[in-house]
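The structure appears right after this line, and notes come after that.
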Amino acid sequence: MTFRIAPSILSADFARLGEEVKNVIDAGADIIHFDVMDNHYVPNLTIGPLVCEAIRPWTDAPIDVHLMVKPVDRIIPDFAKAGANIITFHPEASEHVDRSLGLIKESGCKAGLVFNPATPLSYLDYVMDKIDMILLMSVNPGYGGQSFIPAVLDKARQARARIDEYTAKTGREIWLEIDGGVKVDNIAEIAAAGVDTFVAGSAIYGKPDYKAVIEQMRAELAR
Ligand code: DX5
Ligand code: ZN
C-alpha cells in the first residue's frame, strides 16, 4: 500500500505560511491539507481561496482542500482557480451531494466526501463513481489538537472494504484519508484499519523538527 502524509497547515505559523508549506514538503510530506472553516457549519473561522492562491507557488505538492462550510457549491470554483488539487466536503452541508461532486470534477479537481464521526457511510451508496477520496474524521471538526476517537477504526475497516470491492470491480483507485488526532503512536494502528492517507496537524507542526516526526511516522507505517 502507498502511504501519504498530509500535514494540516491549521497548526502552522500563519505569519510564515509559505515557508511552513515548503518546509513540511521538504521534510518528506506528500500533500498539503488545507482546512476551510466558516463559523457556521463548524465553529471556528480559518482560511479561504485567497490564502490557497498565496501558498500555491510555494510547492508542487497537491493541495487537499477540506471544506467545512455551508453552503458548499459556490466556493468550489474559487478554490479550483486558486490551485486546489483535491476538494472534499461534508455531505450534510450540501443540499445536493451528487451535484457538488460533479461541480468539483468539472472544475478539474479530485473529489471526496468527508464523514464526521457519527455520519454513516451510506452517503457513498450512489456516488462512488464520482469519488476519488473518502475522508474520515476522527475528531469532531473545528479545531486542531483534539484526541482521536477510536470508534472510527471500525468505520475505516468498513470504508476499506467498500473501496476494495469497488476497485476490484472497476480498476479505479480511491484514497482513504483520516483526519484528527493522528500521532506517531497511533498511525500504525490506523493504517492497519485500511487508511492510506494521514492528516496530521499538531503532531507535525507542534514539533520543532518536521523531518524527524515524518520519518517516525513512516517508520511506524513500515512496521
Ligand atoms: C479539524 C481539521 C483537522 C485538524 C487536525 O477540524 O479538519 O485537519 O487540523 O489537527 P490535529 O492533527 O491536530 O488533530
Ligand atoms: Zn481537515
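Within each chain, counting starts at residue 1; across the C-alpha cells, chains are named A, B, ... in the order shown, with ligands numbered 1 upward in that order.
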
Kindly provide, as number ranges by chain, all nucleotide and amino acid residues lying within 10 Å of ligand 1, counting only C-alpha atoms and all ligand atoms. A: 6-12, 33-37, 42-44, 65-68, 114, 116, 135-148, 178-183, 198-206

Do you know which residues are at most 7 Å from range 93-101 of chain A counting only C-alpha atoms, after dropping those on the same chain fewer than 4 positions away, and could you put them as an mmCIF file with C-alpha atoms, in the first residue's frame?
```
data_model
loop_
_atom_site.group_PDB
_atom_site.id
_atom_site.type_symbol
_atom_site.label_atom_id
_atom_site.label_comp_id
_atom_site.auth_asym_id
_atom_site.auth_seq_id
_atom_site.Cartn_x
_atom_site.Cartn_y
_atom_site.Cartn_z
ATOM 1 C CA VAL A 69 -18.532 25.189 5.030
ATOM 2 C CA LYS A 70 -22.231 25.539 4.286
ATOM 3 C CA PRO A 71 -23.275 26.141 1.566
ATOM 4 C CA VAL A 72 -20.669 24.174 -0.369
ATOM 5 C CA ASP A 73 -21.184 24.793 -4.073
ATOM 6 C CA LYS A 105 -14.949 17.139 -11.062
ATOM 7 C CA ALA A 111 -13.399 14.993 -5.305
ATOM 8 C CA VAL A 127 -21.778 8.265 -5.797
ATOM 9 C CA LYS A 130 -17.611 10.419 -8.654
#
```

Write out as a list in words which residues come within 12 Å of Glu215 in chain A when counting only C-alpha atoms, dropping same-chain ones fewer than 3 positions away.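 So the residues in contact are Ile5, Val24, Ala27, Gly28, Ala29, Val184, Ile204, Asp209, Tyr210, Lys211, Ala212, Arg218, Ala219, Glu220, Leu221 and Ala222 of chain A.
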
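Closest to ligand 2 among A:Ile25, A:Leu113, A:Ile190, A:Ala61 is A:Leu113, based on only C-alpha atoms and all ligand atoms.
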
Could you pull out the helix (DSSP H, G or I) residues of range 26-72 of chain A, going by DSSP on the backbone, and write them as a tab-separated table (two decimals) with N, CA and C atoms, in the first residue's frame?
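And here's states18.tsv as it stands now:
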```tsv
chain	number	residue	atom	x	y	z
A	26	ASP	N	9.52	19.70	2.07
A	26	ASP	CA	10.96	19.38	2.06
A	26	ASP	C	11.29	18.34	3.14
A	49	PRO	N	-9.96	30.88	-0.38
A	49	PRO	CA	-9.25	30.78	-1.65
A	49	PRO	C	-8.06	31.74	-1.81
A	50	LEU	N	-8.14	32.92	-1.22
A	50	LEU	CA	-7.01	33.86	-1.36
A	50	LEU	C	-5.74	33.29	-0.76
A	51	VAL	N	-5.90	32.60	0.37
A	51	VAL	CA	-4.73	32.01	1.03
A	51	VAL	C	-4.24	30.79	0.24
A	52	CYS	N	-5.16	30.06	-0.34
A	52	CYS	CA	-4.76	28.92	-1.18
A	52	CYS	C	-3.92	29.42	-2.36
A	53	GLU	N	-4.39	30.49	-2.97
A	53	GLU	CA	-3.65	31.09	-4.10
A	53	GLU	C	-2.26	31.57	-3.64
A	54	ALA	N	-2.20	32.10	-2.44
A	54	ALA	CA	-0.93	32.64	-1.93
A	54	ALA	C	0.10	31.55	-1.65
A	55	ILE	N	-0.36	30.39	-1.21
A	55	ILE	CA	0.62	29.31	-0.92
A	55	ILE	C	0.94	28.49	-2.16
A	56	ARG	N	0.08	28.58	-3.19
A	56	ARG	CA	0.27	27.71	-4.38
A	56	ARG	C	1.71	27.75	-4.95
A	57	PRO	N	2.33	28.94	-5.08
A	57	PRO	CA	3.69	28.95	-5.64
A	57	PRO	C	4.75	28.32	-4.74
A	58	TRP	N	4.43	28.01	-3.50
A	58	TRP	CA	5.43	27.51	-2.55
A	58	TRP	C	5.67	26.01	-2.66
```

Nearest-residue call for ligand 2, choices A:Asp64, A:Asp38, A:Asp164, A:Asp154, using only C-alpha atoms and all ligand atoms: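 Going through A:Asp64, A:Asp38, A:Asp164, A:Asp154 one by one, the smallest distance to ligand 2 is for A:Asp64.
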
Shortest contact to Met128 in chain A, candidates A:Arg74, A:Lys22, A:Arg16, A:Arg162, atoms counted only C-alpha atoms, goes to A:Arg162
